[in-house]
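Asker: I'd like to ask some things about the structure below.
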Amino acid sequence: MATNEMERAPTDINRRGFLRQAGAAGVALLGVSALTPEVRAEGADRGAGAGGEPVAAAEPGIRGARLNASSVMGDATQLPPPITRDHAVHHEIEIEAREVEAELDAGTRFTFMTWGGQVPGPMIRVRQGDTVALTVKNAKGNSQPHNLDMHAVYGTGGGSDATMVAPGGSATERFKCMYPGAFIYHCAVPLLDEHISRGMFGMIVVEPQEGLPKVDREFYLGQHELYTNEPYGSGGKLHFSNEAMVREQPTYVLFNGAAYGYTADRFGALQARVGETVRVFMVCGGPNLTSSFHAIGNVWARCWPQGALANAPMRCVQTQPVPPGSCVVADMDLPVPETIKLVDHALTRVTRQGLLAAIEVQGPANPGIYAASP
Amino acid sequence: MATNEMERAPTDINRRGFLRQAGAAGVALLGVSALTPEVRAEGADRGAGAGGEPVAAAEPGIRGARLNASSVMGDATQLPPPITRDHAVHHEIEIEAREVEAELDAGTRFTFMTWGGQVPGPMIRVRQGDTVALTVKNAKGNSQPHNLDMHAVYGTGGGSDATMVAPGGSATERFKCMYPGAFIYHCAVPLLDEHISRGMFGMIVVEPQEGLPKVDREFYLGQHELYTNEPYGSGGKLHFSNEAMVREQPTYVLFNGAAYGYTADRFGALQARVGETVRVFMVCGGPNLTSSFHAIGNVWARCWPQGALANAPMRCVQTQPVPPGSCVVADMDLPVPETIKLVDHALTRVTRQGLLAAIEVQGPANPGIYAASP
Amino acid sequence: MATNEMERAPTDINRRGFLRQAGAAGVALLGVSALTPEVRAEGADRGAGAGGEPVAAAEPGIRGARLNASSVMGDATQLPPPITRDHAVHHEIEIEAREVEAELDAGTRFTFMTWGGQVPGPMIRVRQGDTVALTVKNAKGNSQPHNLDMHAVYGTGGGSDATMVAPGGSATERFKCMYPGAFIYHCAVPLLDEHISRGMFGMIVVEPQEGLPKVDREFYLGQHELYTNEPYGSGGKLHFSNEAMVREQPTYVLFNGAAYGYTADRFGALQARVGETVRVFMVCGGPNLTSSFHAIGNVWARCWPQGALANAPMRCVQTQPVPPGSCVVADMDLPVPETIKLVDHALTRVTRQGLLAAIEVQGPANPGIYAASP
């Protein structure tokens, strides 16, 4: 993989997040003693220890990284780990809107709007019953106001009213994660379809209190479509087209903001091993297209439609619809070595619009299951 | 709300329906003694009392109202109440096709085709096992023949063959509601896509025999798309475009036949209270587009995909696909005061094509769940 | 029905398949003794008898037929029967890519690409745990290389890497059917969207080990869309349009590769009887459009979304989304005589793009359920 390891370190946002959430000590250091009285009063709800004092998160509530410096491509392997605790905690999470010119394909540039400099934005991972103080920052130098609508939030605009900030500003809201699921978050200013199309979406996973079935490896992907004046394959800088967006006819459809990013032709495939079970968290930003999410050469052994983790998963699903503004959580077993290709099975988006992510599964052959030359 | 209360009285159709169905006395008055022998023979099936005599409906089987005189906008709060009885009854229901020129937006007119003068058509609500004598009228002065296909009906065309009527005519069919669900009804003449696009669709709810989980408030919405020669935002009268329909590229996408109808900018938001549970019955007329139905700032706590009430609901669904020619029944809890925005999360339809319905939820703040300024 | 009975005999492929799979004797004759050691070693897995010897299929694993000589229209009634055995077997199946110029509508010709000369390709039907040796042939005289991706297969490209063959060539792979479901198979060369749009898709049903609920009649349909330079309704020969495919705006949307094939206007409706339960296996090839699959005048009494047979079916579904690259298995009860019309409820595809399949249900009226003239 042509990966610049320098870029795989967590971004600024996440470094800060890590420090802040590294444990009680780190939290105290960063001033969580400034928690509001309301939060303190909720200590008991959050499964706190003796005395009902608030308990701060010991695990990172947010994690993400750009794969490399040239693109906004989110590193699909950099996501917060599964939650193992059995009690609620409080998270202080910060996320920054960043407008970034970057390559969507080799030699083709575009002004993305992002969360944390990456597409999709860093994954936030919490547990049902946790509380979150979410600070939305709008980077100085940005051209637009931004805000954040999170589908995990009860509240006007999913929090977007409270988090509307001008460039250079910030705003904080607090919410309790009342229901489980994998939810999209996205910018929700009046021209939100353009901002999402430019890349402003990510995922928050609210794990159910009993947790999720254990897997060996997790990947994090985001699909969205991009509308431009210039045709597919143009070099240079592309410009956003409202007209194409109204027609719902994108120029590019992308995983993680990069054309064919996770393929051998570009930055290399994702990696896994025979015998593992792999979980894919996929958020469909849209703004308009439904994804028909399929793994070529495999099947979704377990699949939670719409990311609705409160329900039992479906079994053995070949192609799962993922509406814009929704997610899917879907597991694969890997009984044989193969190259799996993740696609939207609306295949013209794959052949002619840039959408593809490969996973190389290495390990011993299992000719009882598959033999290419029997 | 800029609501003309005069308009909120039930329409002619529904006044008639109410009289007819107001009780055994009213029914007798209107000649239900003319029931066919077959119907009499079914008395026992319908849970009739001693002697197997047919029992007429004591509750209104159909209800609807236009919100105001200028538009065809169906009043989302005027729908038949939940069914509380434990036995089957017979309904005599009449519905009239009406072609109506009305405002789809301020200063923008269009010739709608409607059921009962409103979009969506009046809701019909019955119980699995009930029988319905449905009379379809085609208002004198209409330009086109019309008929009615109801997805709750076993029979050719869902009844559309039997109910094909020329302007000024009427036809009656009878059916038994064999299976539960929330179903679309729609005109099904050979150019049915145009007629539906012009507004000819509504919902029949066939409640399961055990009823539906109780809620505090119900709303009734219909999404459809409208294809015109003129671009979005044009004033004056718009004209239907077959070419745009074949491209599946509408000019407007609407709830209840009005651009941004249930918003503060137009006729005001719907109203609810903190602590309530609200049920939304949404029918997607199409004729072509799938809705990705989402409540901004909330979640579908219970959701019956495709309106298929025979199944257990899904829990905690953010965005539910609703295909054209289908429905969804979906509940929200309202733990905090907020303005909820109902949308198709294919967001360009919201920002640039007229689709939005707001619900203002009033009541005490609950900062343990959401605090805009913690 | 204007059916040429000559055409209803199984095609070459299937005649060969029948011979090969007609029993142990036939299998031996055709050289199954050449099974690889690995296959022999799996005898016990496949429910073989004493000694762990492989057991060959006694039922046809593949069956199909073209309805007539002028079109590529697959005969919806020619599919392998349900599986009744309680043990695994081994299948030797051969399928041939054929490029065929044929009429898509009366007087309108097109160069289809097909499996076995028909659209959809012949249905393959096996049982979870069965093994399959699949030989893909590319007919001499074809213009293109082809291969086969089967969603039932664990392995790179769903087997398409191993089965890539030039015209005149063939390749064999072997796989075990590890998970149940109704799955699409399709050509998966780099320009796969064009090949699928030209007709290269079919269905493999992997029945769960406990089998499927018994029904009285089964039909097999495939929906796909076709993109051409010429407008809908043009006579003569049509030419494929990449531009229209990128816009996702097809000229035709078809069941079984023929405009309005199963209607009285063309080759006649499908036939069924009152009192039967009918199962429809529908594969959506796409390459791009989601079908909103509905039976006018009926309801899907049982429906397995995405063809995912490992799950309990949904009940009483009016309109089921079927993504491109997916399937649905859906049952109807037939309590009344009627003409059922199978459609994609994105209705402009029905009125103006060729999509419709009728089923005539004959038998005694049941006026207690439906009376057109009560």
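The chains in the structure tokens are called A, B, ... from first to last as shown; in each chain the residues are counted from 1, and the ligands are counted from 1 in the order shown.
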Could you pull out the strand (DSSP E or B) residues of stretch 28-202 of chain C from DSSP and send them as a PyMOL selection string?

Answerer: chain C and resi 56+62-63+66+73-74+90-105+108-115+118-119+121-127+131-138+146+149-150+165+170-176+181-186+201-202

Asker: Give the residues of chain A that lie within 6 Å of chain B; count only C-alpha atoms, and format the answer as a ChimeraX atom specification.

Answerer: /A:154-158,162,173-176,193,287-288,308,310,323-326

Asker: Could you tell me which of A:Glu243, A:Met113, A:Gly233, A:Ala357 comes closest to A:Arg266 if we count only C-alpha atoms?

Answerer: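 Ranked by minimum distance to A:Arg266, first place goes to A:Ala357.
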
Asker: Pull the alpha helix (DSSP H) assignments for stretch 61-255 of chain A out of DSSP run on the backbone, and list those residues as a ChimeraX atom specification.

Answerer: /A:192-197,242-247

Asker: Export, as a tab-separated table (two decimals), in the first residue's frame, the selected residues with all heavy atoms.

Answerer:
```tsv
chain	number	residue	atom	x	y	z
A	192	LEU	N	-27.38	22.19	3.00
A	192	LEU	CA	-26.74	20.98	3.53
A	192	LEU	C	-26.43	19.94	2.48
A	192	LEU	O	-25.47	19.18	2.59
A	192	LEU	CB	-27.56	20.37	4.66
A	192	LEU	CG	-28.83	19.59	4.35
A	192	LEU	CD1	-29.36	18.95	5.62
A	192	LEU	CD2	-29.90	20.39	3.67
A	193	ASP	N	-27.23	19.88	1.41
A	193	ASP	CA	-26.95	18.86	0.40
A	193	ASP	C	-25.59	19.11	-0.24
A	193	ASP	O	-24.81	18.18	-0.46
A	193	ASP	CB	-28.07	18.77	-0.64
A	193	ASP	CG	-28.52	20.10	-1.20
A	193	ASP	OD1	-28.07	21.17	-0.71
A	193	ASP	OD2	-29.33	20.10	-2.15
A	194	GLU	N	-25.27	20.39	-0.49
A	194	GLU	CA	-23.94	20.69	-1.03
A	194	GLU	C	-22.85	20.37	-0.02
A	194	GLU	O	-21.83	19.76	-0.37
A	194	GLU	CB	-23.85	22.17	-1.44
A	194	GLU	CG	-22.45	22.52	-1.94
A	194	GLU	CD	-22.25	23.97	-2.30
A	194	GLU	OE1	-23.25	24.70	-2.48
A	194	GLU	OE2	-21.07	24.39	-2.38
A	195	HIS	N	-23.05	20.74	1.23
A	195	HIS	CA	-22.00	20.49	2.23
A	195	HIS	C	-21.75	18.99	2.41
A	195	HIS	O	-20.62	18.55	2.57
A	195	HIS	CB	-22.35	21.17	3.56
A	195	HIS	CG	-22.18	22.66	3.53
A	195	HIS	ND1	-21.71	23.39	4.60
A	195	HIS	CD2	-22.43	23.57	2.55
A	195	HIS	CE1	-21.67	24.67	4.27
A	195	HIS	NE2	-22.12	24.81	3.04
A	196	ILE	N	-22.82	18.21	2.39
A	196	ILE	CA	-22.64	16.76	2.51
A	196	ILE	C	-21.97	16.21	1.26
A	196	ILE	O	-21.06	15.38	1.33
A	196	ILE	CB	-24.00	16.06	2.76
A	196	ILE	CG1	-24.55	16.46	4.12
A	196	ILE	CG2	-23.86	14.55	2.65
A	196	ILE	CD1	-25.99	16.05	4.35
A	197	SER	N	-22.40	16.70	0.12
A	197	SER	CA	-21.79	16.24	-1.13
A	197	SER	C	-20.30	16.58	-1.15
A	197	SER	O	-19.48	15.84	-1.68
A	197	SER	CB	-22.49	16.87	-2.33
A	197	SER	OG	-21.86	16.50	-3.53
A	242	ASN	N	-24.71	22.71	-8.79
A	242	ASN	CA	-26.06	22.57	-8.23
A	242	ASN	C	-27.00	21.91	-9.23
A	242	ASN	O	-27.89	21.15	-8.84
A	242	ASN	CB	-26.62	23.95	-7.86
A	242	ASN	CG	-26.00	24.47	-6.58
A	242	ASN	OD1	-25.85	23.73	-5.62
A	242	ASN	ND2	-25.63	25.74	-6.58
A	243	GLU	N	-26.82	22.20	-10.50
A	243	GLU	CA	-27.72	21.67	-11.52
A	243	GLU	C	-27.65	20.14	-11.55
A	243	GLU	O	-28.66	19.45	-11.60
A	243	GLU	CB	-27.38	22.25	-12.89
A	243	GLU	CG	-27.65	23.75	-13.03
A	243	GLU	CD	-26.72	24.63	-12.20
A	243	GLU	OE1	-25.58	24.19	-11.90
A	243	GLU	OE2	-27.13	25.74	-11.82
A	244	ALA	N	-26.43	19.62	-11.52
A	244	ALA	CA	-26.29	18.16	-11.53
A	244	ALA	C	-26.88	17.56	-10.26
A	244	ALA	O	-27.45	16.47	-10.29
A	244	ALA	CB	-24.81	17.78	-11.66
A	245	MET	N	-26.77	18.27	-9.17
A	245	MET	CA	-27.31	17.75	-7.91
A	245	MET	C	-28.83	17.69	-7.96
A	245	MET	O	-29.44	16.72	-7.48
A	245	MET	CB	-26.84	18.59	-6.73
A	245	MET	CG	-27.23	17.98	-5.39
A	245	MET	SD	-26.34	18.71	-3.99
A	245	MET	CE	-26.88	20.42	-4.12
A	246	VAL	N	-29.47	18.69	-8.54
A	246	VAL	CA	-30.93	18.65	-8.67
A	246	VAL	C	-31.34	17.50	-9.59
A	246	VAL	O	-32.36	16.84	-9.37
A	246	VAL	CB	-31.47	20.00	-9.19
A	246	VAL	CG1	-32.94	19.89	-9.55
A	246	VAL	CG2	-31.26	21.09	-8.15
A	247	ARG	N	-30.55	17.22	-10.59
A	247	ARG	CA	-30.83	16.07	-11.47
A	247	ARG	C	-30.51	14.74	-10.78
A	247	ARG	O	-30.84	13.68	-11.31
A	247	ARG	CB	-29.99	16.16	-12.75
A	247	ARG	CG	-30.35	17.30	-13.69
A	247	ARG	CD	-29.73	17.09	-15.08
A	247	ARG	NE	-28.30	16.89	-15.05
A	247	ARG	CZ	-27.39	17.85	-15.17
A	247	ARG	NH1	-27.76	19.11	-15.34
A	247	ARG	NH2	-26.10	17.56	-15.14
```

Asker: For atom CA of A:Asn68 and atom CA of A:Phe267, quote the distance in Å rounded to one decimal.

Answerer: 9.0 Å

Asker: Neighbours of C:Ile93 within 8 Å (only C-alpha atoms; same-chain residues fewer than 4 positions away dropped), as a PyMOL selection string?

Answerer: chain C and resi 17+61-62+132-135

Asker: Keeping N, CA, C and O atoms, export the residues of the selection given above as an mmCIF file, in the first residue's frame.

Answerer:
```
data_model
loop_
_atom_site.group_PDB
_atom_site.id
_atom_site.type_symbol
_atom_site.label_atom_id
_atom_site.label_comp_id
_atom_site.auth_asym_id
_atom_site.auth_seq_id
_atom_site.Cartn_x
_atom_site.Cartn_y
_atom_site.Cartn_z
ATOM 1 N N GLY C 17 -27.469 -30.536 -19.324
ATOM 2 C CA GLY C 17 -27.520 -30.557 -17.865
ATOM 3 C C GLY C 17 -28.402 -31.676 -17.355
ATOM 4 O O GLY C 17 -28.066 -32.394 -16.412
ATOM 5 N N GLY C 61 -30.065 -29.653 -11.623
ATOM 6 C CA GLY C 61 -29.599 -28.493 -10.863
ATOM 7 C C GLY C 61 -29.800 -27.206 -11.616
ATOM 8 O O GLY C 61 -29.721 -26.118 -11.044
ATOM 9 N N ILE C 62 -30.078 -27.291 -12.890
ATOM 10 C CA ILE C 62 -30.274 -26.093 -13.713
ATOM 11 C C ILE C 62 -31.368 -26.400 -14.727
ATOM 12 O O ILE C 62 -31.467 -27.529 -15.233
ATOM 13 N N VAL C 132 -20.883 -27.733 -6.223
ATOM 14 C CA VAL C 132 -21.155 -27.482 -7.642
ATOM 15 C C VAL C 132 -19.832 -27.372 -8.386
ATOM 16 O O VAL C 132 -18.944 -26.634 -7.960
ATOM 17 N N ALA C 133 -19.725 -28.124 -9.452
ATOM 18 C CA ALA C 133 -18.649 -27.874 -10.415
ATOM 19 C C ALA C 133 -19.299 -27.103 -11.556
ATOM 20 O O ALA C 133 -20.158 -27.636 -12.267
ATOM 21 N N LEU C 134 -18.924 -25.855 -11.683
ATOM 22 C CA LEU C 134 -19.580 -24.969 -12.647
ATOM 23 C C LEU C 134 -18.649 -24.703 -13.819
ATOM 24 O O LEU C 134 -17.553 -24.161 -13.631
ATOM 25 N N THR C 135 -19.112 -25.092 -14.984
ATOM 26 C CA THR C 135 -18.338 -24.828 -16.193
ATOM 27 C C THR C 135 -18.972 -23.667 -16.951
ATOM 28 O O THR C 135 -20.155 -23.713 -17.292
#
```

Asker: Of the candidates B:Ala69, B:Cys284, B:Val126, B:Cys303, which one gets nearest to B:Pro208 if we count only C-alpha atoms?

Answerer: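 Of all the options, B:Val126 lies closest to B:Pro208.
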
Asker: Out of A:Glu59, A:Leu104, A:Cys187, A:His151, which residue has the shortest atom-to-atom distance to A:Glu225 when counting only C-alpha atoms?

Answerer: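 Looking at the shortest contact to A:Glu225, the residue is A:Leu104.
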
Asker: With only C-alpha atoms as the atoms that count, which of C:Thr172, C:Thr228, C:Thr84, C:Ser160 lies nearest to C:Thr111?

Answerer: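 Closest to C:Thr111, using only C-alpha atoms: C:Thr228.
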